[in-house]
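Peer 1: Have a look at this one.
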Amino acid sequence: MSRKHLFLSAIGITLLGSAAVLAQGQPAQPQMPMSFFIASTVPGGRNLGGLAGADQICQNLAAGAGAGNRTWHAYLSQQAQGNTPSVNARGRIGPGPWYNAKGQLVASNVADLHGDQQRDRNNIKKATGLTEKGAEVNGVGQMPNQHDILTGSDSDGRAFTDGIDHTCNNWTSDTAMNRAMLGHFDRNGGNNTSWNAAHMSRDCTKDGFIATGGAGKIYCFAIN
């Protein structure tokens, strides 16, 4: 080997060694705290106790996972009924950004979550739609399939105004008389990839949700 080649090799080794030292000296980036999850369990049947009851479910599950220092809301819309006002899911989950239990970014803000400027700007999918414990939720092709998530919302995250029940009577019914809008968290099944407005449930009973591929699960977001 010529002196020139030896010299260049020495420089290369020196640079690699310097890069390794610099890399070792860089502090590890801390994982972003969890601010989004799919509820692992929804106690009390399909009657969630209204928005307040659903929020409490999220709060309790988050507390059990060590994230109870934040305020948690369920991603659910409420329809206008008599003196009960309409409430949009998108307006009750805070500004973002939101991260799952593994610190993966789900969406940067409300507009990206709903694709206001560009569709599919969020990162909700099979690999990121985790429970508060960091566990994956069964999707299409797994048994039992639980990819249907309650939302009661249109694709923009707003309550329906067509006079048809899309919210299991504003989350107070678990009977066959009511229905709810569902989303596919895994973006799969029935040729509909919407995470928040894929199709309606058969009804609001446990068996009704199972029949269409769900378990009455909800999305939970930290609002602060």
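Chain identifiers are assigned as A, B, and so on, following the order in which chains appear in the structure tokens; residues are numbered from 1 within each chain, and ligands are numbered from 1 in order of appearance.
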Excluding Ile93 in chain A and its own-chain neighbours fewer than 5 positions away, which residues fall within 12 Å of it when counting only C-alpha atoms? Please give them as a list in words.
Peer 2: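 Residues meeting the cut-off are Ser35, Phe36, Asp55, Cys58, Arg70, Thr71, Trp72, His73, Ala74, Tyr75, Leu76, Ser77, Val87, Asn88, Trp98, Ala107, Asn109, Val110, Leu113, Gly157, Tyr219, Cys220, Phe221, Ala222, Ile223 and Asn224 of chain A.
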Peer 1: Using only C-alpha atoms, which residues sit within 9 Å of Thr167 in chain A once same-chain residues fewer than 3 positions away are excluded, as a PyMOL selection string?
Peer 2: chain A and resi 76-79+150-153+159+170-173+178-181+204
Peer 1: Given the selection you just returned, output its residues as a file containing C-alpha atoms, formatted as an mmCIF file, in the first residue's frame.
Peer 2:
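part21.cif, freshly written:
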data_model
loop_
_atom_site.group_PDB
_atom_site.id
_atom_site.type_symbol
_atom_site.label_atom_id
_atom_site.label_comp_id
_atom_site.auth_asym_id
_atom_site.auth_seq_id
_atom_site.Cartn_x
_atom_site.Cartn_y
_atom_site.Cartn_z
ATOM 1 C CA LEU A 76 -66.781 11.269 21.242
ATOM 2 C CA SER A 77 -69.336 13.644 19.781
ATOM 3 C CA GLN A 78 -72.720 14.437 21.334
ATOM 4 C CA GLN A 79 -75.830 15.188 19.301
ATOM 5 C CA LEU A 150 -66.850 4.376 19.046
ATOM 6 C CA THR A 151 -66.795 8.005 17.885
ATOM 7 C CA GLY A 152 -70.311 9.212 17.053
ATOM 8 C CA SER A 153 -68.603 11.617 14.668
ATOM 9 C CA ALA A 159 -71.574 15.594 15.567
ATOM 10 C CA ASN A 170 -75.472 10.308 23.583
ATOM 11 C CA TRP A 171 -73.611 7.402 25.177
ATOM 12 C CA THR A 172 -76.342 6.442 27.631
ATOM 13 C CA SER A 173 -77.840 3.413 25.854
ATOM 14 C CA ASN A 178 -79.822 2.701 19.186
ATOM 15 C CA ARG A 179 -76.719 2.787 17.017
ATOM 16 C CA ALA A 180 -73.359 4.551 16.882
ATOM 17 C CA MET A 181 -70.830 5.687 14.306
ATOM 18 C CA CYS A 204 -75.613 -0.580 21.000
#
Peer 1: Identify all residues of range 88-191 of chain A in strand (DSSP E or B) (DSSP on the backbone) and supply them as a PyMOL selection string.
Peer 2: chain A and resi 98-99+105-107+130-131+136+148-150+153+159+167+180-184
Peer 1: What's the separation between CA of Leu51 in chain A and CA of Asn192 in chain A, in Å to one decimal place?
Peer 2: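 Going from CA of Leu51 in chain A over to CA of Asn192 in chain A covers 26.3 Å.
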Peer 1: For Gly82 in chain A, which of A:Gly163, A:Gly64, A:Pro33, A:Gly216 is the closest residue, counting only C-alpha atoms?
Peer 2: A:Gly163
Peer 1: I need the alpha helix (DSSP H) residues of range 40-222 of chain A per DSSP on the backbone, written as a ChimeraX atom specification.
Peer 2: /A:50-64,110-114,168-171,206-211
Peer 1: Excluding range 132-139 of chain A and any residue of its chain fewer than 3 positions from it, enumerate the residues within 7 Å of it, using only C-alpha atoms, and give them as number ranges by chain.
Peer 2: A: 37-40, 61-62, 65, 101-102, 129, 142-147, 186
Peer 1: Just give me the gap between CA of Thr41 in chain A and CA of Gly189 in chain A in Å, one decimal is fine.
Peer 2: 22.1 Å
Peer 1: So that I can check the surroundings of range 122-124 of chain A, please list as a PyMOL selection string every protein, DNA and RNA residue that reaches within 10 Å of it, counting only C-alpha atoms and ignoring chain neighbours fewer than 4 positions away.
Peer 2: chain A and resi 98-100+104-115+118+128-130+184-187+194-195
Peer 1: Record the distance separating CA of Thr84 in chain A and CA of Leu48 in chain A, expressed in Å with one decimal.
Peer 2: 16.6 Å
Peer 1: Measuring atom to atom with only C-alpha atoms, identify which of A:Ala197, A:Ala80, A:Ala127, A:Ile149 is nearest to Asp162 in chain A.
Peer 2: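 Looking only at the distances to Asp162 in chain A, the closest residue turns out to be A:Ala80.
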